[in-house]
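Undergrad: Enclosed is the structure file query_31.txt (compact mmCIF, C-alpha atoms).
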# COMPACT_ATOMS: atom_id res chain seq x y z
CA MET V 5 -17.82 18.12 1.88
CA VAL V 6 -14.90 19.35 3.95
CA HIS V 7 -11.82 19.05 1.75
CA ARG V 8 -8.78 18.12 3.79
CA ARG V 9 -6.02 18.92 1.32
CA GLY V 10 -5.51 22.33 2.89
CA PHE V 11 -3.74 20.93 5.92
CA LEU V 12 -2.29 17.80 4.35
CA GLY V 13 0.09 19.44 1.88
CA LYS V 14 0.71 18.47 -1.73
CA SER V 15 4.29 17.26 -1.99
CA MET V 16 4.83 14.07 -4.00
CA VAL V 17 7.81 13.15 -1.78
CA LEU V 18 7.53 12.40 1.94
CA ALA V 19 8.84 15.17 4.16
CA THR V 20 10.97 12.60 5.96
CA GLY V 21 13.43 12.95 3.13
CA TRP V 22 12.60 9.65 1.46
CA GLY V 23 12.58 9.66 -2.31
CA LEU V 24 9.73 7.14 -2.22
CA PHE V 25 7.27 7.46 -5.09
CA SER V 26 8.79 10.66 -6.45
CA ASN V 27 6.83 12.20 -9.29
CA THR V 28 9.31 11.47 -12.08
CA TRP V 29 7.18 9.74 -14.72
CA ALA V 30 4.26 11.38 -16.48
CA GLN V 31 3.12 8.20 -18.24
CA VAL V 32 3.46 4.42 -18.26
CA LEU V 33 6.71 3.61 -20.06
CA ASN V 34 6.18 -0.09 -20.85
CA ILE V 35 4.39 -3.22 -19.68
CA ASN V 36 6.66 -3.81 -16.68
CA ASP V 37 6.22 -0.20 -15.62
CA ALA V 38 2.46 -0.79 -15.89
CA ILE V 39 2.72 -3.90 -13.69
CA ASN V 40 4.79 -1.94 -11.17
CA LYS V 41 2.25 0.87 -11.01
CA SER V 42 -0.75 -1.45 -10.97
CA GLY V 43 0.76 -3.42 -8.10
CA ARG V 44 1.47 -0.15 -6.35
CA GLN V 45 -2.22 0.81 -6.69
CA ARG V 46 -3.06 -2.30 -4.71
CA MET V 47 -0.65 -1.27 -1.99
CA LEU V 48 -1.91 2.34 -1.98
CA SER V 49 -5.49 1.21 -1.42
CA GLN V 50 -4.35 -0.35 1.85
CA ARG V 51 -1.95 2.44 2.78
CA LEU V 52 -4.75 4.98 2.55
CA ALA V 53 -6.91 2.96 4.94
CA LYS V 54 -3.99 2.46 7.30
CA ALA V 55 -3.25 6.20 7.39
CA TYR V 56 -6.93 6.96 8.03
CA MET V 57 -7.03 4.50 10.95
CA GLN V 58 -3.87 6.06 12.38
CA LEU V 59 -5.24 9.60 12.15
CA GLY V 60 -8.43 8.53 13.89
CA GLN V 61 -6.36 7.26 16.82
CA ALA V 62 -3.82 10.12 16.82
CA ILE V 63 -1.00 7.75 15.87
CA ASP V 64 2.07 9.34 14.25
CA VAL V 65 -0.22 12.18 13.17
CA GLU V 66 1.99 14.39 11.02
CA ARG V 67 3.47 11.51 9.07
CA SER V 68 0.05 9.90 8.70
CA LYS V 69 -1.33 13.14 7.21
CA LYS V 70 1.51 13.25 4.70
CA ILE V 71 1.06 9.57 3.85
CA LEU V 72 -2.66 10.07 3.22
CA ASP V 73 -2.05 13.07 0.99
CA LEU V 74 0.76 11.45 -0.97
CA SER V 75 -1.17 8.22 -1.45
CA LEU V 76 -4.31 10.02 -2.63
CA SER V 77 -2.38 12.04 -5.19
CA LEU V 78 -0.35 9.11 -6.44
CA PHE V 79 -3.28 6.70 -6.72
CA GLU V 80 -5.27 9.17 -8.80
CA LYS V 81 -2.28 10.03 -11.00
CA GLN V 82 -1.41 6.39 -11.67
CA LEU V 83 -5.02 5.42 -12.31
CA ALA V 84 -5.16 7.97 -15.12
CA GLU V 85 -1.84 6.71 -16.52
CA LEU V 86 -2.94 3.08 -16.40
CA ARG V 87 -6.24 3.85 -18.09
CA ALA V 88 -4.36 5.60 -20.90
CA PHE V 89 -2.00 2.60 -21.28
CA ALA V 90 -4.56 -0.24 -20.90
CA PRO V 91 -3.49 -2.80 -23.56
CA ASN V 92 -6.80 -4.60 -24.11
CA THR V 93 -10.55 -4.38 -23.58
CA ASP V 94 -10.61 -6.51 -20.43
CA ASN V 95 -8.10 -4.28 -18.70
CA LYS V 96 -9.93 -1.15 -19.81
CA LEU V 97 -13.17 -2.46 -18.27
CA VAL V 98 -11.54 -3.29 -14.93
CA LEU V 99 -9.89 0.12 -14.75
CA ALA V 100 -13.18 1.85 -15.55
CA GLU V 101 -14.79 -0.04 -12.67
CA MET V 102 -11.88 0.94 -10.46
CA GLU V 103 -12.40 4.60 -11.35
CA LYS V 104 -16.01 4.41 -10.11
CA ALA V 105 -15.01 2.64 -6.91
CA TRP V 106 -12.18 5.11 -6.37
CA GLN V 107 -14.52 8.10 -6.44
CA GLY V 108 -16.59 6.58 -3.63
CA TYR V 109 -13.51 5.65 -1.61
CA LYS V 110 -11.97 9.08 -1.98
CA GLN V 111 -15.19 10.78 -0.90
CA VAL V 112 -15.24 8.87 2.38
CA LEU V 113 -11.52 9.43 2.99
CA LEU V 114 -11.86 13.19 2.52
CA GLY V 115 -15.45 13.78 3.60
CA LYS V 116 -14.84 14.62 7.25
CA SER V 117 -12.47 14.04 10.11
CA PRO V 118 -11.67 10.35 10.70
CA ASN V 119 -14.39 8.65 12.72
CA GLN V 120 -15.28 5.08 13.56
CA GLN V 121 -18.47 4.95 11.51
CA ASP V 122 -16.70 5.96 8.29
CA ALA V 123 -13.73 3.79 9.23
CA ARG V 124 -15.87 0.67 8.99
CA ASN V 125 -16.95 1.75 5.51
CA ILE V 126 -13.33 2.38 4.56
CA MET V 127 -12.42 -1.17 5.57
CA THR V 128 -14.96 -2.46 3.03
CA LEU V 129 -14.10 0.03 0.27
CA SER V 130 -10.36 -0.57 0.61
CA GLU V 131 -10.93 -4.30 0.03
CA GLU V 132 -13.00 -3.56 -3.09
CA ILE V 133 -10.25 -1.35 -4.54
CA LEU V 134 -7.65 -3.97 -3.59
CA ALA V 135 -9.54 -6.68 -5.49
CA LEU V 136 -9.84 -4.52 -8.61
CA ALA V 137 -6.16 -3.56 -8.48
CA GLN V 138 -5.27 -7.23 -8.07
CA THR V 139 -7.35 -8.15 -11.12
CA SER V 140 -5.73 -5.41 -13.19
CA THR V 141 -2.24 -6.45 -12.12
CA VAL V 142 -2.87 -10.10 -12.98
CA GLN V 143 -4.23 -9.05 -16.38
CA LEU V 144 -1.07 -7.06 -17.08
CA GLU V 145 1.18 -9.90 -15.92
CA LYS V 146 -0.64 -12.30 -18.22
CA TYR V 147 -0.31 -9.83 -21.08
CA SER V 148 3.43 -9.42 -20.45
CA GLY V 149 4.03 -13.20 -20.40
CA SER V 150 7.31 -12.71 -18.54
CA ALA V 151 8.66 -14.00 -15.25
CA ALA V 152 10.15 -10.56 -14.60
CA GLY V 153 6.65 -9.14 -14.65
CA GLN V 154 5.56 -11.60 -11.98
CA LEU V 155 8.46 -10.63 -9.75
CA VAL V 156 7.54 -6.94 -9.94
CA ASN V 157 4.19 -7.71 -8.29
CA LEU V 158 4.49 -7.73 -4.47
CA SER V 159 2.13 -6.47 -1.77
CA GLY V 160 0.78 -7.22 1.68
CA ARG V 161 2.59 -5.30 4.42
CA GLN V 162 0.24 -2.30 4.25
CA ARG V 163 -2.78 -4.60 4.46
CA MET V 164 -1.42 -6.17 7.62
CA ALA V 165 -0.92 -2.74 9.18
CA LYS V 166 -4.43 -1.70 8.11
CA PHE V 167 -6.04 -4.66 9.85
CA TYR V 168 -3.90 -4.17 12.94
CA GLN V 169 -4.82 -0.48 13.28
CA ALA V 170 -8.50 -1.26 12.65
CA GLN V 171 -8.43 -3.85 15.43
CA GLN V 172 -6.88 -1.34 17.81
CA TRP V 173 -9.65 1.16 17.00
CA GLY V 174 -12.46 -1.36 17.31
CA VAL V 175 -13.60 -1.00 13.69
CA ALA V 176 -12.21 -4.22 12.20
CA PRO V 177 -14.57 -6.73 10.59
CA ALA V 178 -15.14 -10.04 12.35
CA ASP V 179 -12.71 -11.88 10.08
CA ALA V 180 -9.89 -9.33 10.46
CA ALA V 181 -7.61 -11.57 12.52
CA GLY V 182 -7.82 -14.31 9.92
CA LYS V 183 -7.19 -11.90 7.06
CA LEU V 184 -4.23 -10.37 8.87
CA GLU V 185 -2.70 -13.80 9.35
CA GLN V 186 -3.39 -14.68 5.71
CA ALA V 187 -1.68 -11.48 4.57
CA ARG V 188 1.24 -12.28 6.85
CA LYS V 189 1.68 -15.74 5.34
CA GLU V 190 1.40 -14.36 1.80
CA PHE V 191 4.05 -11.75 2.52
CA VAL V 192 6.46 -14.31 4.00
CA ALA V 193 5.91 -16.60 1.01
CA ALA V 194 6.41 -13.72 -1.44
CA MET V 195 9.64 -12.70 0.26
CA GLN V 196 10.87 -16.29 0.00
CA THR V 197 9.98 -16.36 -3.69
CA LEU V 198 11.97 -13.21 -4.30
CA SER V 199 14.94 -14.48 -2.29
CA ASP V 200 14.98 -17.69 -4.33
CA ALA V 201 14.48 -16.00 -7.70
CA PRO V 202 17.24 -16.80 -10.21
CA GLY V 203 19.14 -13.84 -11.53
CA ASP V 204 18.99 -11.69 -8.40
CA THR V 205 21.78 -9.14 -8.39
CA ALA V 206 23.98 -8.48 -5.37
CA ARG V 207 22.14 -5.21 -4.79
CA ILE V 208 18.75 -6.93 -4.85
CA HIS V 209 20.04 -9.54 -2.41
CA ASP V 210 21.28 -6.81 -0.04
CA GLU V 211 17.97 -4.93 -0.21
CA LEU V 212 15.97 -8.09 0.43
CA THR V 213 18.15 -8.81 3.45
CA LEU V 214 17.43 -5.32 4.76
CA ALA V 215 13.71 -5.84 4.19
CA GLN V 216 13.87 -9.12 6.12
CA GLN V 217 15.48 -7.31 9.04
CA GLN V 218 12.75 -4.67 9.04
CA TRP V 219 10.14 -7.43 8.79
CA LEU V 220 11.30 -8.89 12.10
CA PHE V 221 10.59 -5.56 13.85
CA PHE V 222 7.24 -5.22 12.08
CA ASP V 223 6.14 -8.77 12.87
CA ALA V 224 7.11 -8.36 16.52
CA ALA V 225 5.06 -5.15 16.75
CA LEU V 226 2.03 -6.88 15.23
CA HIS V 227 2.04 -9.49 17.97
CA GLN V 228 2.60 -7.26 21.00
CA ASN V 229 -0.19 -6.35 23.40
CA GLY V 230 -0.40 -4.58 26.75
CA ASP V 231 -2.05 -1.65 28.53
CA SER V 232 -3.25 1.47 26.72
CA MET V 233 0.17 3.14 26.80
CA ASN V 234 1.87 0.06 25.39
CA ARG V 235 -0.83 -0.35 22.74
CA GLN V 236 -0.25 3.21 21.56
CA ARG V 237 3.49 2.58 21.36
CA ASN V 238 2.98 -0.70 19.54
CA ALA V 239 0.57 0.92 17.08
CA THR V 240 3.17 3.60 16.38
CA ASN V 241 5.80 0.90 15.82
CA VAL V 242 3.50 -0.83 13.34
CA ALA V 243 2.97 2.50 11.56
CA THR V 244 6.66 3.32 11.26
CA THR V 245 8.05 -0.14 10.49
CA SER V 246 5.44 -0.77 7.79
CA GLU V 247 6.67 2.39 6.07
CA ARG V 248 10.31 1.35 6.36
CA ILE V 249 9.55 -1.99 4.71
CA LEU V 250 7.55 -0.20 2.04
CA GLU V 251 10.48 2.09 1.24
CA VAL V 252 12.87 -0.83 0.84
CA MET V 253 10.49 -3.01 -1.15
CA ASP V 254 9.49 -0.23 -3.51
CA GLY V 255 13.18 0.10 -4.35
CA VAL V 256 13.45 -3.66 -4.86
CA THR V 257 10.46 -3.55 -7.20
CA GLY V 258 12.23 -0.90 -9.27
CA LEU V 259 15.37 -3.03 -9.42
CA TYR V 260 13.39 -6.01 -10.70
CA GLN V 261 11.74 -3.80 -13.27
CA GLN V 262 15.18 -2.80 -14.58
CA LEU V 263 16.05 -6.47 -15.16
CA ALA V 264 13.26 -6.85 -17.72
I'd like the structure from this file rewritten - as structure tokens, please.
TA:
Amino acid sequence: MVHRRGFLGKSMVLATGWGLFSNTWAQVLNINDAINKSGRQRMLSQRLAKAYMQLGQAIDVERSKKILDLSLSLFEKQLAELRAFAPNTDNKLVLAEMEKAWQGYKQVLLGKSPNQQDARNIMTLSEEILALAQTSTVQLEKYSGSAAGQLVNLSGRQRMAKFYQAQQWGVAPADAAGKLEQARKEFVAAMQTLSDAPGDTARIHDELTLAQQQWLFFDAALHQNGDSMNRQRNATNVATTSERILEVMDGVTGLYQQLA
């Protein structure tokens, strides 16, 4: 196996200067922290696939390398933390299954330079990890029994970008367009739920407004087509705007967590 970490770097903070996902916690602090991290695992499964698709098409290469490295490190770190915290047998079993699936996913991500054959496998594996992370998150929400816990759980924008980039590369499954549209609807509905949530602070409201503004750019990029030059530009716009939304929404998730 050709290990790619040598040229990807190991920083836990993006070189763009964002403080996103900084390595500040060594363990799960409480149930809402667990829900936050479990929901983030779901997002990371899609972000990894998106970064892989972008690297295979030479889209925003340096940032995509950093995103892949950061996401790999953070997923593995949080998986270990969640397994140590797991509050009941059911959750332990799901996380054990996720560990096995993760080893296979990681091997394909790191095995060799991005290529279309492996990319098709990554599309399948990323959905398997997503389903397991979803199950784990729902288990933790049920265990918490709190509305705050439900608000902490939000995902979808990375999945949309993953499907878009896979379509551009010709490696998307036959049902990709439908899944992209489903993810789009789920994201819009989730944003509406958060906007309508009672108890939102002024800061949360401002951050959600900013996320909505970024969403307009992202959604426009998803629906643009054109010649090869325009497609490359649109794919880059999808790559960058999905990260901007992610930055804002990760901060919003933290703010909701503090309300618990």
Undergrad: How many Å separate CA of Gln236 in chain V from CA of Lys110 in chain V?
TA: 26.9 Å
Undergrad: Which residue, V:Gln172, V:Leu184, V:Ser150, V:Ile63, has the smallest gap to Tyr260 in chain V when you use only C-alpha atoms?
TA: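 Of the candidates, the smallest distance to Tyr260 in chain V is held by V:Ser150.
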Undergrad: At a cut-off of 12 Å, using only C-alpha atoms, what residues contact Arg188 in chain V? Leave out same-chain residues fewer than 5 positions from it and give the result as a PyMOL selection string.
TA: chain V and resi 159-165+167-168+181-183+193-195+219-220+222-224+226-227
Undergrad: Smallest atom-to-atom distance to Leu76 in chain V: which of V:Gln218, V:Thr213, V:Gln50, V:Thr93, using all atoms listed in the file?
TA: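 Smallest separation from Leu76 in chain V among the options: V:Gln50.
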Undergrad: Could you check the closest approach to Arg237 in chain V for each of V:Ser68, V:Gln61, V:Asn125, V:Thr257 and tell me which residue wins, using only C-alpha atoms?
TA: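 Ranking V:Ser68, V:Gln61, V:Asn125, V:Thr257 by distance to Arg237 in chain V, first place goes to V:Gln61.
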Undergrad: Between V:Ala206, V:Ala135, V:Ala239, V:Val256, which one has atoms that come closest to Val65 in chain V, using all atoms listed in the file?
TA: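 Checking each of V:Ala206, V:Ala135, V:Ala239, V:Val256 against Val65 in chain V, counting all atoms listed in the file, the winner is V:Ala239.
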Undergrad: CA of Ile126 in chain V and CA of Leu113 in chain V are how many Å apart?
TA: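 Computing the Euclidean distance for CA of Ile126 in chain V and CA of Leu113 in chain V yields 7.4 Å.
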Undergrad: Please identify all polymer residues within 12 Å of Glu80 in chain V, counting only C-alpha atoms, omitting same-chain residues fewer than 6 positions from it, and present them as a PDB file with C-alpha atoms, in the frame of the given file.
TA:
ATOM      1  CA  LYS V  41       2.250   0.870 -11.010  1.00  0.00           C
ATOM      2  CA  SER V  42      -0.750  -1.450 -10.970  1.00  0.00           C
ATOM      3  CA  ARG V  44       1.470  -0.150  -6.350  1.00  0.00           C
ATOM      4  CA  GLN V  45      -2.220   0.810  -6.690  1.00  0.00           C
ATOM      5  CA  LEU V  48      -1.910   2.340  -1.980  1.00  0.00           C
ATOM      6  CA  SER V  49      -5.490   1.210  -1.420  1.00  0.00           C
ATOM      7  CA  ASP V  73      -2.050  13.070   0.990  1.00  0.00           C
ATOM      8  CA  LEU V  74       0.760  11.450  -0.970  1.00  0.00           C
ATOM      9  CA  LEU V  86      -2.940   3.080 -16.400  1.00  0.00           C
ATOM     10  CA  ARG V  87      -6.240   3.850 -18.090  1.00  0.00           C
ATOM     11  CA  LEU V  99      -9.890   0.120 -14.750  1.00  0.00           C
ATOM     12  CA  MET V 102     -11.880   0.940 -10.460  1.00  0.00           C
ATOM     13  CA  GLU V 103     -12.400   4.600 -11.350  1.00  0.00           C
ATOM     14  CA  LYS V 104     -16.010   4.410 -10.110  1.00  0.00           C
ATOM     15  CA  ALA V 105     -15.010   2.640  -6.910  1.00  0.00           C
ATOM     16  CA  TRP V 106     -12.180   5.110  -6.370  1.00  0.00           C
ATOM     17  CA  GLN V 107     -14.520   8.100  -6.440  1.00  0.00           C
ATOM     18  CA  TYR V 109     -13.510   5.650  -1.610  1.00  0.00           C
ATOM     19  CA  LYS V 110     -11.970   9.080  -1.980  1.00  0.00           C
TER      20      LYS V 110
END
Undergrad: Enter the distance from CA of Met253 in chain V to CA of Gly149 in chain V, in Å, rounded to one decimal.
TA: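 So the two atoms, CA of Met253 in chain V and CA of Gly149 in chain V, lie 22.7 Å apart.
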Undergrad: V:Ser246, V:Asn95, V:Gln228, V:Ser140: which is nearest Gln216 in chain V, counting all atoms listed in the file?
TA: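 Distance minimum relative to Gln216 in chain V lands on V:Ser246.
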Undergrad: With only C-alpha atoms as the basis for distance, which of V:Ser117, V:Gln138, V:Thr240, V:Ser148 is at the shortest distance from Ile35 in chain V?
TA: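 Closest residue, counting only C-alpha atoms: V:Ser148.
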Undergrad: Taking 6 positions as the minimum chain separation for residues in the same chain, which residues sit within 10 Å of Ala38 in chain V when counting all atoms listed in the file? Answer as a short mmCIF file (atom, residue, chain, number, x, y, z; two decimals) with C-alpha atoms, in the frame of the given file.
TA:
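Writing done, so here's around.cif:
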data_model
loop_
_atom_site.label_atom_id
_atom_site.label_comp_id
_atom_site.auth_asym_id
_atom_site.auth_seq_id
_atom_site.Cartn_x
_atom_site.Cartn_y
_atom_site.Cartn_z
CA GLN V 31 3.12 8.20 -18.24
CA VAL V 32 3.46 4.42 -18.26
CA ARG V 44 1.47 -0.15 -6.35
CA GLN V 82 -1.41 6.39 -11.67
CA GLU V 85 -1.84 6.71 -16.52
CA LEU V 86 -2.94 3.08 -16.40
CA PHE V 89 -2.00 2.60 -21.28
CA ALA V 90 -4.56 -0.24 -20.90
CA PRO V 91 -3.49 -2.80 -23.56
CA SER V 140 -5.73 -5.41 -13.19
CA THR V 141 -2.24 -6.45 -12.12
CA LEU V 144 -1.07 -7.06 -17.08
CA GLU V 145 1.18 -9.90 -15.92
CA SER V 148 3.43 -9.42 -20.45
CA GLY V 153 6.65 -9.14 -14.65
CA VAL V 156 7.54 -6.94 -9.94
#
Undergrad: Assuming the input is short of atoms at range 101-118 of chain V, produce N, CA, C and O atoms for that part as a PDB file, keeping the file's coordinate frame.
TA:
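Dumped to rebuild.pdb:
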ATOM      1  N   GLU V 101     -14.101   0.308 -13.911  1.00  0.00           N
ATOM      2  CA  GLU V 101     -14.790  -0.040 -12.670  1.00  0.00           C
ATOM      3  C   GLU V 101     -14.024   0.481 -11.464  1.00  0.00           C
ATOM      4  O   GLU V 101     -14.616   0.951 -10.477  1.00  0.00           O
ATOM      5  N   MET V 102     -12.696   0.424 -11.536  1.00  0.00           N
ATOM      6  CA  MET V 102     -11.880   0.940 -10.460  1.00  0.00           C
ATOM      7  C   MET V 102     -12.066   2.448 -10.298  1.00  0.00           C
ATOM      8  O   MET V 102     -12.101   2.974  -9.181  1.00  0.00           O
ATOM      9  N   GLU V 103     -12.189   3.157 -11.397  1.00  0.00           N
ATOM     10  CA  GLU V 103     -12.400   4.600 -11.350  1.00  0.00           C
ATOM     11  C   GLU V 103     -13.677   4.933 -10.570  1.00  0.00           C
ATOM     12  O   GLU V 103     -13.696   5.856  -9.741  1.00  0.00           O
ATOM     13  N   LYS V 104     -14.752   4.186 -10.826  1.00  0.00           N
ATOM     14  CA  LYS V 104     -16.010   4.410 -10.110  1.00  0.00           C
ATOM     15  C   LYS V 104     -15.853   4.120  -8.620  1.00  0.00           C
ATOM     16  O   LYS V 104     -16.308   4.892  -7.769  1.00  0.00           O
ATOM     17  N   ALA V 105     -15.217   3.004  -8.305  1.00  0.00           N
ATOM     18  CA  ALA V 105     -15.010   2.640  -6.910  1.00  0.00           C
ATOM     19  C   ALA V 105     -14.111   3.654  -6.204  1.00  0.00           C
ATOM     20  O   ALA V 105     -14.323   3.992  -5.035  1.00  0.00           O
ATOM     21  N   TRP V 106     -13.116   4.144  -6.921  1.00  0.00           N
ATOM     22  CA  TRP V 106     -12.180   5.110  -6.370  1.00  0.00           C
ATOM     23  C   TRP V 106     -12.877   6.406  -5.964  1.00  0.00           C
ATOM     24  O   TRP V 106     -12.575   6.981  -4.916  1.00  0.00           O
ATOM     25  N   GLN V 107     -13.813   6.863  -6.767  1.00  0.00           N
ATOM     26  CA  GLN V 107     -14.520   8.100  -6.440  1.00  0.00           C
ATOM     27  C   GLN V 107     -15.277   7.963  -5.119  1.00  0.00           C
ATOM     28  O   GLN V 107     -15.283   8.884  -4.290  1.00  0.00           O
ATOM     29  N   GLY V 108     -15.894   6.808  -4.893  1.00  0.00           N
ATOM     30  CA  GLY V 108     -16.590   6.580  -3.630  1.00  0.00           C
ATOM     31  C   GLY V 108     -15.628   6.487  -2.455  1.00  0.00           C
ATOM     32  O   GLY V 108     -15.892   7.026  -1.368  1.00  0.00           O
ATOM     33  N   TYR V 109     -14.513   5.805  -2.661  1.00  0.00           N
ATOM     34  CA  TYR V 109     -13.510   5.650  -1.610  1.00  0.00           C
ATOM     35  C   TYR V 109     -12.915   6.997  -1.228  1.00  0.00           C
ATOM     36  O   TYR V 109     -12.811   7.346  -0.040  1.00  0.00           O
ATOM     37  N   LYS V 110     -12.573   7.773  -2.227  1.00  0.00           N
ATOM     38  CA  LYS V 110     -11.970   9.080  -1.980  1.00  0.00           C
ATOM     39  C   LYS V 110     -12.925   9.998  -1.223  1.00  0.00           C
ATOM     40  O   LYS V 110     -12.507  10.759  -0.341  1.00  0.00           O
ATOM     41  N   GLN V 111     -14.204   9.932  -1.564  1.00  0.00           N
ATOM     42  CA  GLN V 111     -15.190  10.780  -0.900  1.00  0.00           C
ATOM     43  C   GLN V 111     -15.256  10.486   0.595  1.00  0.00           C
ATOM     44  O   GLN V 111     -15.352  11.413   1.416  1.00  0.00           O
ATOM     45  N   VAL V 112     -15.201   9.209   0.957  1.00  0.00           N
ATOM     46  CA  VAL V 112     -15.240   8.870   2.380  1.00  0.00           C
ATOM     47  C   VAL V 112     -13.935   9.274   3.065  1.00  0.00           C
ATOM     48  O   VAL V 112     -13.945   9.797   4.186  1.00  0.00           O
ATOM     49  N   LEU V 113     -12.811   9.065   2.404  1.00  0.00           N
ATOM     50  CA  LEU V 113     -11.520   9.430   2.990  1.00  0.00           C
ATOM     51  C   LEU V 113     -11.424  10.918   3.287  1.00  0.00           C
ATOM     52  O   LEU V 113     -10.839  11.334   4.296  1.00  0.00           O
ATOM     53  N   LEU V 114     -12.003  11.747   2.411  1.00  0.00           N
ATOM     54  CA  LEU V 114     -11.860  13.190   2.520  1.00  0.00           C
ATOM     55  C   LEU V 114     -13.088  13.891   3.088  1.00  0.00           C
ATOM     56  O   LEU V 114     -13.060  15.085   3.360  1.00  0.00           O
ATOM     57  N   GLY V 115     -14.192  13.135   3.262  1.00  0.00           N
ATOM     58  CA  GLY V 115     -15.450  13.780   3.600  1.00  0.00           C
ATOM     59  C   GLY V 115     -15.450  14.547   4.901  1.00  0.00           C
ATOM     60  O   GLY V 115     -15.974  15.646   4.980  1.00  0.00           O
ATOM     61  N   LYS V 116     -14.882  13.957   5.941  1.00  0.00           N
ATOM     62  CA  LYS V 116     -14.840  14.620   7.250  1.00  0.00           C
ATOM     63  C   LYS V 116     -13.728  14.004   8.070  1.00  0.00           C
ATOM     64  O   LYS V 116     -13.060  13.066   7.629  1.00  0.00           O
ATOM     65  N   SER V 117     -13.542  14.545   9.262  1.00  0.00           N
ATOM     66  CA  SER V 117     -12.470  14.040  10.110  1.00  0.00           C
ATOM     67  C   SER V 117     -12.658  12.552  10.375  1.00  0.00           C
ATOM     68  O   SER V 117     -13.794  12.072  10.475  1.00  0.00           O
ATOM     69  N   PRO V 118     -11.558  11.802  10.483  1.00  0.00           N
ATOM     70  CA  PRO V 118     -11.670  10.350  10.700  1.00  0.00           C
ATOM     71  C   PRO V 118     -12.564  10.012  11.887  1.00  0.00           C
ATOM     72  O   PRO V 118     -12.438  10.581  12.969  1.00  0.00           O
TER      73      PRO V 118
END
